[in-house]
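Pasted below: input16.cif, mmCIF, C-alpha atoms and all ligand atoms.
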data_run
#
loop_
_atom_site.group_PDB
_atom_site.id
_atom_site.type_symbol
_atom_site.label_atom_id
_atom_site.label_comp_id
_atom_site.auth_asym_id
_atom_site.auth_seq_id
_atom_site.Cartn_x
_atom_site.Cartn_y
_atom_site.Cartn_z
ATOM 1 C CA MET A 1 -19.613 20.634 -8.418
ATOM 2 C CA ASN A 2 -18.027 22.280 -5.430
ATOM 3 C CA TYR A 3 -18.753 19.592 -2.842
ATOM 4 C CA ARG A 4 -16.772 19.316 0.407
ATOM 5 C CA GLY A 5 -17.712 16.630 2.867
ATOM 6 C CA ARG A 6 -16.112 15.531 6.099
ATOM 7 C CA PHE A 7 -15.829 12.859 8.746
ATOM 8 C CA ALA A 8 -15.442 14.301 12.245
ATOM 9 C CA PRO A 9 -14.761 11.609 14.847
ATOM 10 C CA SER A 10 -14.406 12.304 18.557
ATOM 11 C CA PRO A 11 -11.305 10.545 19.909
ATOM 12 C CA THR A 12 -13.180 8.716 22.653
ATOM 13 C CA GLY A 13 -12.262 5.198 21.513
ATOM 14 C CA HIS A 14 -11.179 3.144 18.527
ATOM 15 C CA LEU A 15 -13.071 3.260 15.223
ATOM 16 C CA HIS A 16 -16.218 1.157 15.710
ATOM 17 C CA PHE A 17 -18.892 -0.040 13.315
ATOM 18 C CA GLY A 18 -21.151 3.017 13.783
ATOM 19 C CA SER A 19 -18.348 5.451 13.033
ATOM 20 C CA LEU A 20 -17.141 3.319 10.102
ATOM 21 C CA VAL A 21 -20.649 3.652 8.598
ATOM 22 C CA ALA A 22 -20.469 7.464 8.983
ATOM 23 C CA ALA A 23 -16.978 7.512 7.462
ATOM 24 C CA VAL A 24 -17.940 5.286 4.507
ATOM 25 C CA GLY A 25 -21.252 7.115 3.954
ATOM 26 C CA SER A 26 -19.643 10.560 3.939
ATOM 27 C CA TRP A 27 -16.782 9.308 1.716
ATOM 28 C CA LEU A 28 -19.211 7.788 -0.827
ATOM 29 C CA CYS A 29 -21.331 10.957 -0.976
ATOM 30 C CA ALA A 30 -18.258 13.153 -1.471
ATOM 31 C CA ARG A 31 -16.657 10.943 -4.132
ATOM 32 C CA HIS A 32 -19.997 10.437 -5.916
ATOM 33 C CA ALA A 33 -20.301 14.233 -6.183
ATOM 34 C CA GLY A 34 -16.706 14.512 -7.444
ATOM 35 C CA GLY A 35 -15.927 16.468 -4.300
ATOM 36 C CA GLN A 36 -13.398 16.501 -1.493
ATOM 37 C CA TRP A 37 -13.492 14.483 1.695
ATOM 38 C CA LEU A 38 -11.904 16.040 4.777
ATOM 39 C CA LEU A 39 -11.200 14.894 8.320
ATOM 40 C CA ARG A 40 -11.589 16.667 11.628
ATOM 41 C CA VAL A 41 -10.639 15.286 15.009
ATOM 42 C CA GLU A 42 -13.112 16.646 17.551
ATOM 43 C CA ASP A 43 -10.734 16.648 20.510
ATOM 44 C CA MET A 44 -12.515 19.391 22.449
ATOM 45 C CA ASP A 45 -13.463 17.277 25.426
ATOM 46 C CA PRO A 46 -10.232 16.071 27.101
ATOM 47 C CA PRO A 47 -11.974 14.303 30.023
ATOM 48 C CA ARG A 48 -13.877 12.049 27.570
ATOM 49 C CA GLU A 49 -10.865 11.329 25.377
ATOM 50 C CA MET A 50 -9.071 8.027 25.231
ATOM 51 C CA PRO A 51 -5.318 8.518 24.883
ATOM 52 C CA GLY A 52 -4.087 7.278 21.506
ATOM 53 C CA SER A 53 -7.564 7.098 19.994
ATOM 54 C CA ALA A 54 -7.111 9.995 17.521
ATOM 55 C CA GLU A 55 -3.987 8.289 16.156
ATOM 56 C CA SER A 56 -5.765 4.918 16.101
ATOM 57 C CA ILE A 57 -8.768 6.301 14.157
ATOM 58 C CA LEU A 58 -6.587 8.248 11.708
ATOM 59 C CA ALA A 59 -4.435 5.166 11.072
ATOM 60 C CA ALA A 60 -7.476 2.892 10.658
ATOM 61 C CA LEU A 61 -9.231 4.964 7.964
ATOM 62 C CA PRO A 62 -6.675 4.396 5.148
ATOM 63 C CA ALA A 63 -6.634 0.683 6.030
ATOM 64 C CA PHE A 64 -10.342 0.735 5.099
ATOM 65 C CA GLY A 65 -9.484 2.532 1.835
ATOM 66 C CA LEU A 66 -10.706 5.895 3.147
ATOM 67 C CA VAL A 67 -8.072 8.467 2.252
ATOM 68 C CA ALA A 68 -8.718 12.149 2.920
ATOM 69 C CA ASP A 69 -7.788 15.040 0.660
ATOM 70 C CA ALA A 70 -5.959 17.005 3.361
ATOM 71 C CA PRO A 71 -4.341 16.390 6.742
ATOM 72 C CA ALA A 72 -6.883 16.169 9.579
ATOM 73 C CA LEU A 73 -7.867 19.352 11.383
ATOM 74 C CA PHE A 74 -7.583 19.002 15.178
ATOM 75 C CA GLN A 75 -10.086 21.070 17.135
ATOM 76 C CA SER A 76 -7.590 21.447 19.981
ATOM 77 C CA THR A 77 -5.614 23.774 17.641
ATOM 78 C CA ARG A 78 -8.644 25.965 16.957
ATOM 79 C CA ILE A 79 -9.340 27.579 20.341
ATOM 80 C CA GLY A 80 -8.552 31.064 18.961
ATOM 81 C CA ALA A 81 -11.266 30.685 16.330
ATOM 82 C CA TYR A 82 -13.817 29.572 18.952
ATOM 83 C CA ASP A 83 -12.779 32.505 21.166
ATOM 84 C CA ALA A 84 -13.435 34.857 18.240
ATOM 85 C CA ALA A 85 -16.874 33.351 17.550
ATOM 86 C CA PHE A 86 -17.702 33.536 21.260
ATOM 87 C CA GLU A 87 -16.641 37.205 21.423
ATOM 88 C CA GLN A 88 -18.792 37.935 18.364
ATOM 89 C CA LEU A 89 -21.852 36.423 20.068
ATOM 90 C CA LYS A 90 -21.009 38.231 23.289
ATOM 91 C CA ALA A 91 -20.623 41.585 21.546
ATOM 92 C CA ALA A 92 -24.030 41.047 19.941
ATOM 93 C CA GLY A 93 -25.543 40.434 23.402
ATOM 94 C CA GLN A 94 -26.662 36.911 22.474
ATOM 95 C CA VAL A 95 -24.946 35.001 25.271
ATOM 96 C CA PHE A 96 -25.055 35.180 29.047
ATOM 97 C CA PRO A 97 -22.993 33.653 31.853
ATOM 98 C CA CYS A 98 -24.878 31.023 33.805
ATOM 99 C CA TRP A 99 -24.243 29.565 37.255
ATOM 100 C CA CYS A 100 -27.451 27.491 37.282
ATOM 101 C CA SER A 101 -27.140 23.963 38.569
ATOM 102 C CA ARG A 102 -29.252 21.044 37.383
ATOM 103 C CA ASN A 103 -31.339 21.631 40.515
ATOM 104 C CA ASP A 104 -31.981 25.255 39.544
ATOM 105 C CA LEU A 105 -33.362 24.011 36.240
ATOM 106 C CA ALA A 106 -35.337 21.216 37.907
ATOM 107 C CA GLY A 107 -34.380 18.906 35.059
ATOM 108 C CA GLY A 108 -36.048 21.216 32.524
ATOM 109 C CA LEU A 109 -34.766 23.473 29.774
ATOM 110 C CA HIS A 110 -33.231 26.878 30.449
ATOM 111 C CA LEU A 111 -35.671 29.334 28.900
ATOM 112 C CA ASP A 112 -35.254 32.584 30.753
ATOM 113 C CA GLY A 113 -32.602 34.295 28.678
ATOM 114 C CA HIS A 114 -30.638 35.096 31.826
ATOM 115 C CA CYS A 115 -29.138 33.124 34.704
ATOM 116 C CA LEU A 116 -31.548 32.171 37.487
ATOM 117 C CA ALA A 117 -28.842 31.572 40.091
ATOM 118 C CA LYS A 118 -26.890 34.213 41.990
ATOM 119 C CA PRO A 119 -23.723 35.243 40.099
ATOM 120 C CA ASP A 120 -20.744 33.741 41.891
ATOM 121 C CA GLU A 121 -17.538 35.534 40.976
ATOM 122 C CA GLY A 122 -15.556 32.734 42.616
ATOM 123 C CA ARG A 123 -16.882 30.139 40.194
ATOM 124 C CA THR A 124 -16.449 30.018 36.425
ATOM 125 C CA PRO A 125 -19.845 30.199 34.745
ATOM 126 C CA ALA A 126 -21.050 28.272 31.736
ATOM 127 C CA TRP A 127 -22.117 30.490 28.836
ATOM 128 C CA ARG A 128 -25.471 29.977 27.189
ATOM 129 C CA ILE A 129 -26.922 31.387 24.013
ATOM 130 C CA ARG A 130 -30.394 32.872 24.277
ATOM 131 C CA VAL A 131 -32.800 31.178 21.886
ATOM 132 C CA PRO A 132 -35.819 32.898 20.339
ATOM 133 C CA ASP A 133 -39.267 31.404 19.840
ATOM 134 C CA ILE A 134 -38.785 30.507 16.196
ATOM 135 C CA GLU A 135 -38.986 27.338 14.187
ATOM 136 C CA ILE A 136 -35.829 26.171 12.486
ATOM 137 C CA ARG A 137 -36.592 24.264 9.298
ATOM 138 C CA PHE A 138 -34.277 22.317 7.056
ATOM 139 C CA ASP A 139 -34.537 19.572 4.487
ATOM 140 C CA ASP A 140 -32.437 16.600 5.396
ATOM 141 C CA VAL A 141 -31.321 14.904 2.178
ATOM 142 C CA LEU A 142 -32.270 11.490 3.584
ATOM 143 C CA GLN A 143 -34.601 12.093 6.538
ATOM 144 C CA GLY A 144 -36.759 14.662 4.729
ATOM 145 C CA PRO A 145 -38.174 17.992 5.985
ATOM 146 C CA GLN A 146 -37.360 18.777 9.614
ATOM 147 C CA VAL A 147 -38.731 21.422 11.924
ATOM 148 C CA ALA A 148 -37.789 22.250 15.497
ATOM 149 C CA ASN A 149 -38.520 25.084 17.858
ATOM 150 C CA LEU A 150 -35.360 25.647 19.880
ATOM 151 C CA ARG A 151 -37.340 26.831 22.898
ATOM 152 C CA THR A 152 -39.169 23.533 23.192
ATOM 153 C CA THR A 153 -36.302 21.254 22.142
ATOM 154 C CA ALA A 154 -33.086 22.837 23.401
ATOM 155 C CA GLY A 155 -33.694 25.995 25.437
ATOM 156 C CA ASP A 156 -30.874 28.491 26.010
ATOM 157 C CA PHE A 157 -28.111 26.031 25.237
ATOM 158 C CA VAL A 158 -24.528 25.955 26.500
ATOM 159 C CA ILE A 159 -21.842 27.095 24.081
ATOM 160 C CA ARG A 160 -18.994 27.276 26.619
ATOM 161 C CA ARG A 161 -18.888 24.845 29.463
ATOM 162 C CA VAL A 162 -18.050 25.452 33.117
ATOM 163 C CA GLU A 163 -14.724 23.677 32.574
ATOM 164 C CA GLY A 164 -13.885 26.361 29.989
ATOM 165 C CA TYR A 165 -14.168 24.056 26.949
ATOM 166 C CA TYR A 166 -16.281 25.174 24.043
ATOM 167 C CA ALA A 167 -19.339 23.028 23.410
ATOM 168 C CA TYR A 168 -19.506 20.679 20.437
ATOM 169 C CA GLN A 169 -22.262 22.776 18.791
ATOM 170 C CA LEU A 170 -20.118 25.913 18.600
ATOM 171 C CA ALA A 171 -16.861 24.195 17.612
ATOM 172 C CA CYS A 172 -18.622 22.126 14.937
ATOM 173 C CA VAL A 173 -20.258 25.143 13.316
ATOM 174 C CA VAL A 174 -17.075 27.241 13.354
ATOM 175 C CA ASP A 175 -15.041 24.406 11.828
ATOM 176 C CA ASP A 176 -17.590 23.311 9.227
ATOM 177 C CA ALA A 177 -17.406 26.913 7.982
ATOM 178 C CA PHE A 178 -13.592 27.059 8.263
ATOM 179 C CA GLN A 179 -13.191 23.820 6.304
ATOM 180 C CA GLY A 180 -15.673 25.058 3.674
ATOM 181 C CA ILE A 181 -17.965 22.067 4.234
ATOM 182 C CA THR A 182 -20.917 22.101 1.836
ATOM 183 C CA ASP A 183 -22.403 18.772 2.915
ATOM 184 C CA VAL A 184 -22.514 17.236 6.374
ATOM 185 C CA VAL A 185 -23.115 13.460 6.293
ATOM 186 C CA ARG A 186 -23.231 11.890 9.758
ATOM 187 C CA GLY A 187 -25.204 9.546 11.997
ATOM 188 C CA ASN A 188 -28.819 10.200 12.833
ATOM 189 C CA ASP A 189 -27.992 10.600 16.535
ATOM 190 C CA LEU A 190 -26.924 14.139 15.570
ATOM 191 C CA LEU A 191 -30.149 15.063 13.760
ATOM 192 C CA ASP A 192 -31.402 16.907 16.840
ATOM 193 C CA SER A 193 -28.174 18.927 17.075
ATOM 194 C CA THR A 194 -28.702 20.333 13.592
ATOM 195 C CA PRO A 195 -31.308 23.031 14.462
ATOM 196 C CA ARG A 196 -28.947 24.374 17.157
ATOM 197 C CA GLN A 197 -26.118 24.393 14.644
ATOM 198 C CA ILE A 198 -28.233 26.176 12.034
ATOM 199 C CA TYR A 199 -29.210 28.768 14.642
ATOM 200 C CA LEU A 200 -25.538 29.348 15.528
ATOM 201 C CA GLN A 201 -24.664 29.674 11.829
ATOM 202 C CA ARG A 202 -27.296 32.388 11.502
ATOM 203 C CA CYS A 203 -26.034 34.238 14.583
ATOM 204 C CA LEU A 204 -22.444 34.080 13.349
ATOM 205 C CA GLY A 205 -23.278 34.983 9.740
ATOM 206 C CA LEU A 206 -22.088 31.593 8.436
ATOM 207 C CA SER A 207 -23.701 29.688 5.615
ATOM 208 C CA THR A 208 -25.640 26.491 6.311
ATOM 209 C CA PRO A 209 -24.422 23.315 4.605
ATOM 210 C CA ARG A 210 -26.741 20.569 3.354
ATOM 211 C CA TYR A 211 -27.330 17.815 5.905
ATOM 212 C CA LEU A 212 -27.742 14.081 5.384
ATOM 213 C CA HIS A 213 -28.239 11.958 8.488
ATOM 214 C CA LEU A 214 -27.513 8.276 7.975
ATOM 215 C CA PRO A 215 -29.477 5.612 9.851
ATOM 216 C CA LEU A 216 -28.017 4.987 13.253
ATOM 217 C CA ALA A 217 -26.487 1.532 13.764
ATOM 218 C CA LEU A 218 -28.095 -0.323 16.664
ATOM 219 C CA ASP A 219 -26.982 -3.469 18.420
ATOM 220 C CA GLY A 220 -29.247 -6.525 18.792
ATOM 221 C CA ASP A 221 -30.827 -4.949 21.895
ATOM 222 C CA GLY A 222 -31.731 -1.758 20.029
ATOM 223 C CA ARG A 223 -29.053 0.380 21.657
ATOM 224 C CA LYS A 224 -26.835 2.856 19.820
ATOM 225 C CA LEU A 225 -23.790 0.831 18.874
ATOM 226 C CA SER A 226 -21.158 3.245 20.124
ATOM 227 C CA LYS A 227 -22.777 3.329 23.563
ATOM 228 C CA SER A 228 -23.228 -0.416 23.946
ATOM 229 C CA GLU A 229 -20.743 -2.896 25.332
ATOM 230 C CA ARG A 230 -20.883 -4.584 21.973
ATOM 231 C CA ALA A 231 -19.363 -1.580 20.184
ATOM 232 C CA HIS A 232 -16.369 -3.707 19.343
ATOM 233 C CA PRO A 233 -13.774 -1.777 17.434
ATOM 234 C CA VAL A 234 -13.493 -2.710 13.774
ATOM 235 C CA ASP A 235 -10.201 -4.389 12.933
ATOM 236 C CA PRO A 236 -8.011 -2.390 10.521
ATOM 237 C CA THR A 237 -5.663 -5.376 10.123
ATOM 238 C CA ASP A 238 -8.577 -7.347 8.624
ATOM 239 C CA PRO A 239 -10.667 -4.569 7.036
ATOM 240 C CA MET A 240 -12.739 -6.504 4.495
ATOM 241 C CA PRO A 241 -15.410 -8.053 6.777
ATOM 242 C CA ALA A 242 -16.321 -4.783 8.535
ATOM 243 C CA LEU A 243 -16.185 -2.823 5.275
ATOM 244 C CA ARG A 244 -18.536 -5.329 3.608
ATOM 245 C CA ARG A 245 -20.898 -5.028 6.579
ATOM 246 C CA ALA A 246 -20.781 -1.204 6.469
ATOM 247 C CA LEU A 247 -21.626 -1.211 2.741
ATOM 248 C CA ALA A 248 -24.446 -3.724 3.285
ATOM 249 C CA PHE A 249 -25.762 -1.515 6.102
ATOM 250 C CA LEU A 250 -25.984 1.285 3.515
ATOM 251 C CA ASP A 251 -27.849 -1.073 1.134
ATOM 252 C CA LEU A 252 -24.996 -1.337 -1.354
ATOM 253 C CA PRO A 253 -24.832 -4.603 -3.309
ATOM 254 C CA PRO A 254 -22.187 -7.163 -2.275
ATOM 255 C CA VAL A 255 -18.996 -7.534 -4.346
ATOM 256 C CA PRO A 256 -17.890 -11.142 -4.058
ATOM 257 C CA GLY A 257 -14.608 -10.820 -5.989
ATOM 258 C CA ALA A 258 -13.058 -7.670 -4.440
ATOM 259 C CA GLN A 259 -9.562 -8.349 -3.119
ATOM 260 C CA ASN A 260 -8.952 -5.218 -1.082
ATOM 261 C CA PRO A 261 -10.779 -2.233 0.468
ATOM 262 C CA SER A 262 -10.032 0.099 -2.450
ATOM 263 C CA ALA A 263 -11.531 -2.363 -4.942
ATOM 264 C CA LEU A 264 -14.567 -2.817 -2.723
ATOM 265 C CA LEU A 265 -15.072 0.930 -2.359
ATOM 266 C CA ALA A 266 -14.563 1.537 -6.091
ATOM 267 C CA HIS A 267 -17.280 -0.996 -6.886
ATOM 268 C CA ALA A 268 -19.598 0.476 -4.245
ATOM 269 C CA LEU A 269 -19.020 3.957 -5.633
ATOM 270 C CA ALA A 270 -19.889 2.827 -9.151
ATOM 271 C CA HIS A 271 -23.281 1.616 -7.825
ATOM 272 C CA PHE A 272 -23.821 4.421 -5.347
ATOM 273 C CA ASP A 273 -26.804 6.733 -5.489
ATOM 274 C CA PRO A 274 -27.482 8.861 -2.374
ATOM 275 C CA ALA A 275 -31.220 8.699 -3.173
ATOM 276 C CA ARG A 276 -31.100 4.926 -2.626
ATOM 277 C CA LEU A 277 -29.564 5.083 0.842
ATOM 278 C CA PRO A 278 -31.850 3.515 3.453
ATOM 279 C CA HIS A 279 -34.528 6.049 4.392
ATOM 280 C CA CYS A 280 -34.836 5.064 8.031
ATOM 281 C CA SER A 281 -33.635 6.701 11.208
ATOM 282 C CA GLU A 282 -32.004 3.593 12.649
ATOM 283 C CA ARG A 283 -31.424 -0.053 11.863
ATOM 284 C CA ALA A 284 -29.727 -3.066 13.372
ATOM 285 C CA ALA A 285 -26.083 -3.557 12.455
ATOM 286 C CA ALA A 286 -25.692 -6.903 10.689
HETATM 287 N N1 LIG B 301 -17.643 14.118 16.745
HETATM 288 C C1 LIG B 301 -18.990 13.626 16.592
HETATM 289 C C2 LIG B 301 -19.026 12.144 16.889
HETATM 290 O O1 LIG B 301 -18.009 11.479 16.821
HETATM 291 C C3 LIG B 301 -19.522 13.818 15.193
HETATM 292 C C4 LIG B 301 -19.771 15.236 14.912
HETATM 293 C C5 LIG B 301 -20.336 15.549 13.543
HETATM 294 O O2 LIG B 301 -20.226 14.737 12.600
HETATM 295 O O3 LIG B 301 -20.872 16.641 13.434
HETATM 296 O O4 LIG B 301 -20.097 11.648 17.208
#
Could you express the structure from this file as structure tokens?
Ligand code: GLU
Amino acid sequence: MNYRGRFAPSPTGHLHFGSLVAAVGSWLCARHAGGQWLLRVEDMDPPREMPGSAESILAALPAFGLVADAPALFQSTRIGAYDAAFEQLKAAGQVFPCWCSRNDLAGGLHLDGHCLAKPDEGRTPAWRIRVPDIEIRFDDVLQGPQVANLRTTAGDFVIRRVEGYYAYQLACVVDDAFQGITDVVRGNDLLDSTPRQIYLQRCLGLSTPRYLHLPLALDGDGRKLSKSERAHPVDPTDPMPALRRALAFLDLPPVPGAQNPSALLAHALAHFDPARLPHCSERAAA
């Protein structure tokens, strides 16, 4: 089976429980399918980055027994590829420069297919892609059939930001294709990005991978773990407790005797069946 999965962290902090779940879940799915597991550092948003966090995440993963099949791809090295995708969309007349402020949009979606503000040559515009009135459907391996109309859920969405950085949606789609990803396994907080990504794949003539969105880990107050103050980093110098918790979160049976992360993961893999992953959109982290 030609399966290629990936884990694509943003270097905005240390590896935390929510991202460990995504890493372990994507690793298990890839290894279960006899496929490859790749890494991508999504360092496309310098203002949100935490210095040293890419190195910290990449060093932590092997300590948890998660070893990739190739060196990590850094999005900061891929600007030329995003430029090319952008030019392709521009040549096809699918994007437009936009000077609209939040006020211009009155908090709503941008649906007009062209900028509502006056062009201002002195200011760099954002670039939006025009979205048609169509329903995007896909079958999420875990969350089931999904349907979204981009005009009611996203509107003409930004693919290049005012600051000149490419948006996550564009960079993700270009790189999933470049890395030959067949299966995207990630947290459920990205489920609503998927229709935009599928639309971009269609516009760029790229194939659509399968998607599996894992339940999102919530803290005791029901907040997304990565956004809460309790998103304590997991400790790569003492990997077993967090790894056991991540496997339990994914409903894998405990392994009392395992001495190290690799033994724990090997046992989990032997019992792993993607169909038995928890079929919920979110759950409390233990
Ligand atoms: N970089 C994103 C994050 O850390 C994940 C993107 C993805 O898996 O598509 O939340």
task = Translate the PyMOL selection byres (((not hetatm)) within 7 of (chain B and resi 301)), as applied to the file shown, into an explicit residue set as number ranges by chain.
result = A: 7-10, 42, 172, 186, 190
File of the preceding selection, C-alpha atoms, as a JSON list (two decimals), in the coordinates of the input:
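again07.json, written as the output of this step:
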[["chain", "number", "residue", "atom", "x", "y", "z"],
["A", 7, "PHE", "CA", -15.83, 12.86, 8.75],
["A", 8, "ALA", "CA", -15.44, 14.30, 12.24],
["A", 9, "PRO", "CA", -14.76, 11.61, 14.85],
["A", 10, "SER", "CA", -14.41, 12.30, 18.56],
["A", 42, "GLU", "CA", -13.11, 16.65, 17.55],
["A", 172, "CYS", "CA", -18.62, 22.13, 14.94],
["A", 186, "ARG", "CA", -23.23, 11.89, 9.76],
["A", 190, "LEU", "CA", -26.92, 14.14, 15.57]]
inquiry  = Counting all atoms listed in the file, which residues sit no farther than 9 Å from the position (-12.7, 7.6, 2.1) in the file's frame? I'd like them as a ChimeraX atom specification.
reply    = /A:23-28,30-31,37-38,61-62,64-68,265
query = Given the file above and the PyMOL selection byres (((chain A and resi 259) around 12) and not hetatm), which residues are selected, and can you give them as a PyMOL selection string?
reply = chain A and resi 65+238-241+244+255-258+260-267
key: Nearest-residue call for A:Leu214, choices A:Gly107, A:Gly164, A:Pro51, A:Pro274, using all atoms listed in the file   =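 Selected residue with least distance to A:Leu214: A:Pro274.
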request  = Can you turn the PyMOL selection byres (((chain A and resi 170) around 8) and not hetatm) into a concrete residue list for this file, as a ChimeraX atom specification?
outcome  = /A:82,159,166-169,171-174,197,200
inquiry  = Using all atoms listed in the file for the distances, tell me which of A:Asn188, A:Gln201, A:Thr153, A:Ser53 is nearest to A:Val141.
reply    =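 Ranked by minimum distance to A:Val141, first place goes to A:Asn188.
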inquiry  = What does the structure give for the distance between atom CA of A:Trp99 and atom CA of A:Cys203, in Å to one decimal?
reply    = 23.2 Å
request  = Counting all atoms listed in the file, figure out which residue out of A:Ala217, A:Leu15, A:Leu73, A:Ala117 gets nearest to A:Leu39.
outcome  = A:Leu73
inquiry  = Need to verify the contact set: stretch 128-138 of chain A, 8 Å, all atoms listed in the file, exclusion of same-chain residues closer than 5 positions in sequence. Can you return it as number ranges by chain?
reply    = A: 94-98, 111, 113-114, 145-151, 155-160, 195, 198-199
ask   = For A:Thr77, which residue out of A:Asp221, A:Asp175, A:Asp104, A:Asp112 is the nearest one, using all atoms listed in the file?
value = A:Asp175
